[in-house]
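Okay, structure first, notes after.
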Amino acid sequence: MAIQAVRGMKDLLPPEAPKWRFIEATAREVFGSFGFSEIRTPILERTELFARSIGEETDIVSKEMYTFEDRSGDSLTMRPEATAGVVRAFLENKLYAVPGPHKLCTIGPMFRHERPQKGRLRQFHQLDCEILDDAGPQGDAELLVMAAHLLERLGVRQVTLVLNSLGCPECRPVFKQQLQDYFAGRQGGLCEDCRRRLATNPLRVLDCKQEGCKEISLGAPLISGSWCESCGEHFDQVKRLLTQSSVTFETDPKLVRGLDYYTRTAFEFKTTQLGAQDAVGGGGRYDGLVEALGGPATPAIGFALGVERLALLLEDRPEWQQGPSLFIAALGDEPRDWAFGAAQELRRAGIWVEMSAAATSLKAQMRRANKLGASRVLIVGGEELKAGIAPLKDMANGEQEDLPLDQIVDRLKAAGA
RNA sequence: GUGGCUAUAGCUCAGUUUGGUUAGAGCGCCAGGUUGUGGCCCUGGAGGCCGUGGGUUCAAGUCCCACUAGCCACCCCA
C-alpha cells in the first residue's frame, strides 16, 4: 500500500468539515460573549513544562507523550493538553501585569500516544478555556455555565455535568491520610495498580473500575467529609450559582481527575452515547499551578471540550450542504467562453457560481448541477447569446423564466444569493 | 501497553466453514432511453495486486505466520 497517515491521526474530509466549522464558530461566539480572548500557543513545548505541571506520575506524562530530542538536543514534547502552554505563555508574556481575571481560550490539536478507538485519536482537538487570577466560586460557575451554554447552542443532548471538589492543600492531605489508613488494612483485595496508587495517589483508587477495588471503595471515607470550611463553602457557592443559572448537574464524591494540578472544583461532562469514551469535556480549578511554574500566586480554573467527541454527538444539518446559487449550462464554444467570463463577474459580486469546463450534453450538465445542489441553472446556447435572453431554471420547483443576460447579477442578488 | 474481533469495488457488505473455471450484490459513478433540460423509472457500461509480506499446496479471496490499520474492552482521558 501507499503511504498511510500515522496511526491515530485522521484526515478531516470535506463532507465532515462544515460540522467542525460550526462547532468552532459557535464556540468562538459563545466564548466571546463571556469575554474570553483567543490565545494561540505553540504545539511544541519543553518536556519539562508538562512534567512539572501535569505530574510525573500521571499516565499522560509517564506513558502517553510524544517526546523527542530536537537537533540541538533539547527534549521537546507535543502538547498533550492546553493548560500548561497557556499558563507558560501567561507568565512569559507577563500578562499578569494587568489586573485579572484573565479569560483566555484556545482551539487546536493535542497529542497523546494511546491506543486509538472511536472518539480517541492520537491527534485530537480541544476547545479550551482558562480563567486566570480568579479565586471565587463565581469563576467556577461562570465557566461551567458557559460550557453548558455552548453544549446547548450546539444541540448536544444527553450530556451530564458531574461535579466534585478535590479539596485544597489544607484539607486534601488529611483526606489522603485517611484513605491510606483505610486501604492499608485492606490491601489484599486491591488490584496491582491500586496497591501502587496507594502510595502515589490514593484518590485514584476510588476511581478504579476493578470489581474488588470498587467493593472496598464502597466503605472508604468520602472527600466531602474532609473538606475544610472554606472548601466546603466554595463548593456550596458553585452549586448554588449553577442552580440559579438552571444548569443541571450531579455530584460524585469519587470523581477524580488525572492531572496532579487540580484543586477544589473538578468536573466532567459525561455522555452515555460514546461507549467507553464517555467524557466530552472536563476540567477543574488549579489554584497552585501558576505559582508552581514560577509565577505569582494565581488561582485559576479551566476546561477543555473534545471536538471529535462533540462531532460524534452532532447530527448533520441541511444548511451545511448548501450548493451553488447558480450553475451555468453552456452549449457550444462561444456560449462557454461567455459563461466563463460571466461566472467571474458573478463571483466578484460574491455569488457562488459553477459551470462545467467540458463540452458535455445539456443533460449531463443538468445532472451535474443537480448533484452540486445548485439552486438555479442558466441555460445558454448560441441563440440565447445572440438574443441576450436565456432561460433561468429554478431547480427546486422546475420552473423556468426568461432572463435578460445583463440582469443576472441583479436578479440573483434580489433572490438573496 | 494488554486481550479480543475485523480487513473483498468509491461506500455497505456476500463469498472464507468443506481451497478448484472469467470474485458477486445493493448504493454511488458514467452513458443511453429525449436535436437543448436534473431528480423518479428502464437499459447498458466502467470500476477489484480480495490490507501488505511471507509460507503450505498441483492450485489460496478461502488454510498458517508476521506486519500494518480499524473496531471493542482494559488502562486512561477530550
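As shown in the C-alpha cells, the chain order sets the letters A, B, ...; within each chain, residues go from 1, and ligands are also counted from 1 in the order they appear.
Using only C-alpha atoms (C1' of nucleotides), one finds that the residues of chain B close to chain A, at 7 Å or less, are G36, U37, G38, U52, C71, C76 and A78 of chain B.
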Would you output that residue set with all heavy atoms, as a compact mmCIF listing (two decimals), in the first residue's frame?
# COMPACT_ATOMS: atom_id res chain seq x y z
P G B 36 -29.02 18.09 -28.21
OP1 G B 36 -28.51 19.40 -28.66
OP2 G B 36 -28.19 17.10 -27.50
O5' G B 36 -30.33 18.35 -27.35
C5' G B 36 -30.23 18.26 -25.94
C4' G B 36 -30.81 19.48 -25.30
O4' G B 36 -30.26 20.64 -25.95
C3' G B 36 -32.32 19.60 -25.50
O3' G B 36 -32.98 19.24 -24.30
C2' G B 36 -32.57 21.09 -25.79
O2' G B 36 -33.26 21.74 -24.68
C1' G B 36 -31.16 21.68 -25.73
N9 G B 36 -30.96 22.76 -26.69
C8 G B 36 -30.66 22.69 -28.01
N7 G B 36 -30.51 23.87 -28.58
C5 G B 36 -30.74 24.77 -27.55
C6 G B 36 -30.72 26.18 -27.55
O6 G B 36 -30.49 26.94 -28.48
N1 G B 36 -31.01 26.68 -26.30
C2 G B 36 -31.28 25.91 -25.19
N2 G B 36 -31.54 26.58 -24.07
N3 G B 36 -31.29 24.60 -25.16
C4 G B 36 -31.02 24.09 -26.37
P U B 37 -33.63 17.95 -23.90
OP1 U B 37 -32.82 16.85 -24.43
OP2 U B 37 -35.05 18.09 -24.27
O5' U B 37 -33.54 17.90 -22.30
C5' U B 37 -32.26 17.76 -21.66
C4' U B 37 -32.41 18.26 -20.25
O4' U B 37 -32.36 19.71 -20.24
C3' U B 37 -33.73 17.85 -19.62
O3' U B 37 -33.48 17.42 -18.29
C2' U B 37 -34.56 19.14 -19.63
O2' U B 37 -35.41 19.23 -18.54
C1' U B 37 -33.49 20.21 -19.56
N1 U B 37 -33.88 21.46 -20.23
C2 U B 37 -34.19 22.54 -19.41
O2 U B 37 -34.15 22.46 -18.19
N3 U B 37 -34.54 23.69 -20.06
C4 U B 37 -34.60 23.87 -21.42
O4 U B 37 -34.91 24.96 -21.87
C5 U B 37 -34.26 22.71 -22.21
C6 U B 37 -33.93 21.56 -21.59
P G B 38 -33.66 15.87 -17.98
OP1 G B 38 -32.85 15.08 -18.89
OP2 G B 38 -35.08 15.54 -17.78
O5' G B 38 -32.96 15.87 -16.55
C5' G B 38 -31.53 15.82 -16.47
C4' G B 38 -31.11 16.02 -15.04
O4' G B 38 -31.33 17.40 -14.67
C3' G B 38 -31.94 15.23 -14.04
O3' G B 38 -31.39 13.95 -13.89
C2' G B 38 -31.78 16.06 -12.77
O2' G B 38 -30.54 15.81 -12.15
C1' G B 38 -31.75 17.49 -13.33
N9 G B 38 -33.04 18.19 -13.30
C8 G B 38 -33.93 18.34 -14.33
N7 G B 38 -34.96 19.08 -14.01
C5 G B 38 -34.73 19.44 -12.68
C6 G B 38 -35.51 20.23 -11.81
O6 G B 38 -36.58 20.81 -12.03
N1 G B 38 -34.92 20.32 -10.55
C2 G B 38 -33.74 19.72 -10.19
N2 G B 38 -33.35 19.94 -8.94
N3 G B 38 -33.00 18.99 -11.00
C4 G B 38 -33.55 18.89 -12.22
P U B 52 -3.08 -6.18 -0.64
OP1 U B 52 -2.89 -5.74 -2.04
OP2 U B 52 -3.57 -7.54 -0.36
O5' U B 52 -1.71 -5.97 0.14
C5' U B 52 -0.97 -4.76 0.02
C4' U B 52 0.29 -4.83 0.85
O4' U B 52 -0.09 -4.91 2.26
C3' U B 52 1.13 -6.09 0.64
O3' U B 52 1.99 -5.96 -0.48
C2' U B 52 1.90 -6.18 1.94
O2' U B 52 2.95 -5.24 1.99
C1' U B 52 0.82 -5.75 2.94
N1 U B 52 0.09 -6.92 3.48
C2 U B 52 0.70 -7.66 4.47
O2 U B 52 1.81 -7.40 4.91
N3 U B 52 -0.03 -8.72 4.95
C4 U B 52 -1.29 -9.10 4.53
O4 U B 52 -1.82 -10.08 5.04
C5 U B 52 -1.85 -8.29 3.48
C6 U B 52 -1.16 -7.24 3.01
P C B 71 -11.23 3.38 14.98
OP1 C B 71 -12.09 4.57 14.93
OP2 C B 71 -10.01 3.37 15.80
O5' C B 71 -12.11 2.12 15.40
C5' C B 71 -13.42 1.95 14.90
C4' C B 71 -13.98 0.62 15.35
O4' C B 71 -13.07 -0.43 14.92
C3' C B 71 -14.08 0.40 16.84
O3' C B 71 -15.25 1.00 17.38
C2' C B 71 -14.13 -1.12 16.93
O2' C B 71 -15.40 -1.61 16.59
C1' C B 71 -13.13 -1.51 15.85
N1 C B 71 -11.78 -1.76 16.38
C2 C B 71 -11.54 -2.98 17.02
O2 C B 71 -12.46 -3.80 17.12
N3 C B 71 -10.31 -3.25 17.51
C4 C B 71 -9.34 -2.33 17.39
N4 C B 71 -8.13 -2.64 17.89
C5 C B 71 -9.55 -1.07 16.75
C6 C B 71 -10.79 -0.83 16.27
P C B 76 -7.19 3.71 35.33
OP1 C B 76 -6.54 4.05 36.58
OP2 C B 76 -8.56 3.18 35.32
O5' C B 76 -7.18 5.00 34.38
C5' C B 76 -6.04 5.87 34.39
C4' C B 76 -5.93 6.59 33.07
O4' C B 76 -6.32 5.70 32.00
C3' C B 76 -6.85 7.78 32.88
O3' C B 76 -6.35 8.94 33.55
C2' C B 76 -6.80 7.93 31.37
O2' C B 76 -5.58 8.51 30.97
C1' C B 76 -6.83 6.46 30.92
N1 C B 76 -8.21 6.01 30.61
C2 C B 76 -8.70 6.31 29.34
O2 C B 76 -7.97 6.90 28.54
N3 C B 76 -9.96 5.94 29.01
C4 C B 76 -10.72 5.29 29.91
N4 C B 76 -11.95 4.95 29.55
C5 C B 76 -10.23 4.98 31.22
C6 C B 76 -8.99 5.36 31.52
P A B 78 -9.12 15.31 30.12
OP1 A B 78 -8.33 16.53 30.33
OP2 A B 78 -10.13 14.89 31.10
O5' A B 78 -9.83 15.41 28.70
C5' A B 78 -10.34 16.64 28.26
C4' A B 78 -11.24 16.38 27.09
O4' A B 78 -10.46 16.14 25.91
C3' A B 78 -12.10 15.14 27.27
O3' A B 78 -13.31 15.49 27.90
C2' A B 78 -12.29 14.63 25.85
O2' A B 78 -13.40 15.24 25.25
C1' A B 78 -11.02 15.10 25.15
N9 A B 78 -10.03 14.03 25.04
C8 A B 78 -9.13 13.63 25.98
N7 A B 78 -8.33 12.68 25.57
C5 A B 78 -8.74 12.44 24.26
C6 A B 78 -8.29 11.56 23.28
N6 A B 78 -7.29 10.70 23.47
N1 A B 78 -8.92 11.58 22.09
C2 A B 78 -9.92 12.44 21.91
N3 A B 78 -10.43 13.33 22.76
C4 A B 78 -9.79 13.28 23.93
Item to check | Contact residues around stretch 54-57 of chain B with only C-alpha atoms (C1' of nucleotides) at 12 Å, ignoring same-chain residues under 2 positions, as a PyMOL selection string | outcome: chain B and resi 19-20+52+59-60+63-67
Next on the checklist: Applying 10 Å and only C-alpha atoms (C1' of nucleotides), which residues near B:A23 remain after dropping the ones on its own chain fewer than 2 positions away? List them as a PyMOL selection string.
Outcome noted: chain B and resi 8+15+48+50+61
Convert the current residue selection to file output with N, CA and C atoms (P, O5', C5', C4', C3', O3' and C1' of nucleotides), as a compact mmCIF listing (two decimals), in the first residue's frame.
# COMPACT_ATOMS: atom_id res chain seq x y z
P U B 8 -12.19 -4.72 3.13
O5' U B 8 -12.18 -5.85 2.02
C5' U B 8 -11.02 -6.09 1.24
C4' U B 8 -11.43 -6.71 -0.07
C3' U B 8 -12.55 -5.97 -0.79
O3' U B 8 -12.05 -4.88 -1.55
C1' U B 8 -13.08 -8.27 -0.71
P G B 15 -20.80 -15.08 3.69
O5' G B 15 -20.01 -15.69 2.46
C5' G B 15 -20.71 -16.43 1.46
C4' G B 15 -19.85 -16.58 0.25
C3' G B 15 -18.47 -17.19 0.49
O3' G B 15 -18.54 -18.61 0.54
C1' G B 15 -18.27 -15.29 -0.93
P G B 48 -9.87 -1.48 -11.46
O5' G B 48 -10.24 -2.44 -10.24
C5' G B 48 -10.64 -1.93 -8.98
C4' G B 48 -10.48 -2.99 -7.92
C3' G B 48 -9.21 -3.82 -8.04
O3' G B 48 -8.35 -3.50 -6.97
C1' G B 48 -11.15 -5.19 -7.67
P C B 50 -5.89 -8.48 -5.14
O5' C B 50 -7.02 -8.64 -4.01
C5' C B 50 -7.37 -7.48 -3.19
C4' C B 50 -8.31 -7.97 -2.11
C3' C B 50 -7.62 -8.98 -1.20
O3' C B 50 -7.56 -8.51 0.12
C1' C B 50 -9.61 -9.91 -2.16
P G B 61 -6.40 -16.28 -4.57
O5' G B 61 -7.32 -15.30 -3.72
C5' G B 61 -6.73 -14.35 -2.83
C4' G B 61 -7.71 -13.99 -1.75
C3' G B 61 -7.97 -15.12 -0.74
O3' G B 61 -7.06 -15.04 0.32
C1' G B 61 -10.03 -14.25 -1.55
Checklist entry - Which residue out of A:Pro42, A:Gly32, A:Pro299, A:Pro173 has the minimum interatomic distance to A:Asn201 when only C-alpha atoms are used? => result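 Under the stated criterion, the closest residue is A:Pro173.
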Checklist entry - Looking only at the backbone, which of the residues in stretch 343-413 of chain A does DSSP tag as strand (DSSP E or B), as a PyMOL selection string? => result chain A and resi 353-355+376-380+389-394+400-404
Checklist entry - From the set A:Glu401, A:Asp394, A:Glu24, A:Asp287, which residue has the shortest atom-to-atom contact distance to A:Glu130, counting only C-alpha atoms? => result A:Asp287
Next on the checklist: Please identify the alpha helix (DSSP H) residues within stretch 217-298 of chain A (assignment by DSSP from backbone atoms) and present them as a PyMOL selection string.
Outcome noted: chain A and resi 217-218+229-244+289-292
Checklist entry - Any idea what's packed within 9 Å of B:G47, counting only C-alpha atoms (C1' of nucleotides), ignoring anything in its chain fewer than 2 positions away? Could you give it as a ChimeraX atom specification? => result /B:9-10,29
Item to check | Coordinates-based distance that separates atom CA of A:Ala311 from atom CA of A:Val256 (Å, one decimal) | outcome: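 So the answer is 25.6 Å.
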Item to check | A:Ala25 surroundings by only C-alpha atoms (C1' of nucleotides), 12 Å radius, close-in-sequence under 2 positions cut, as a PyMOL selection string | outcome: chain A and resi 18-23+27-32+107+127+150+153-154+307
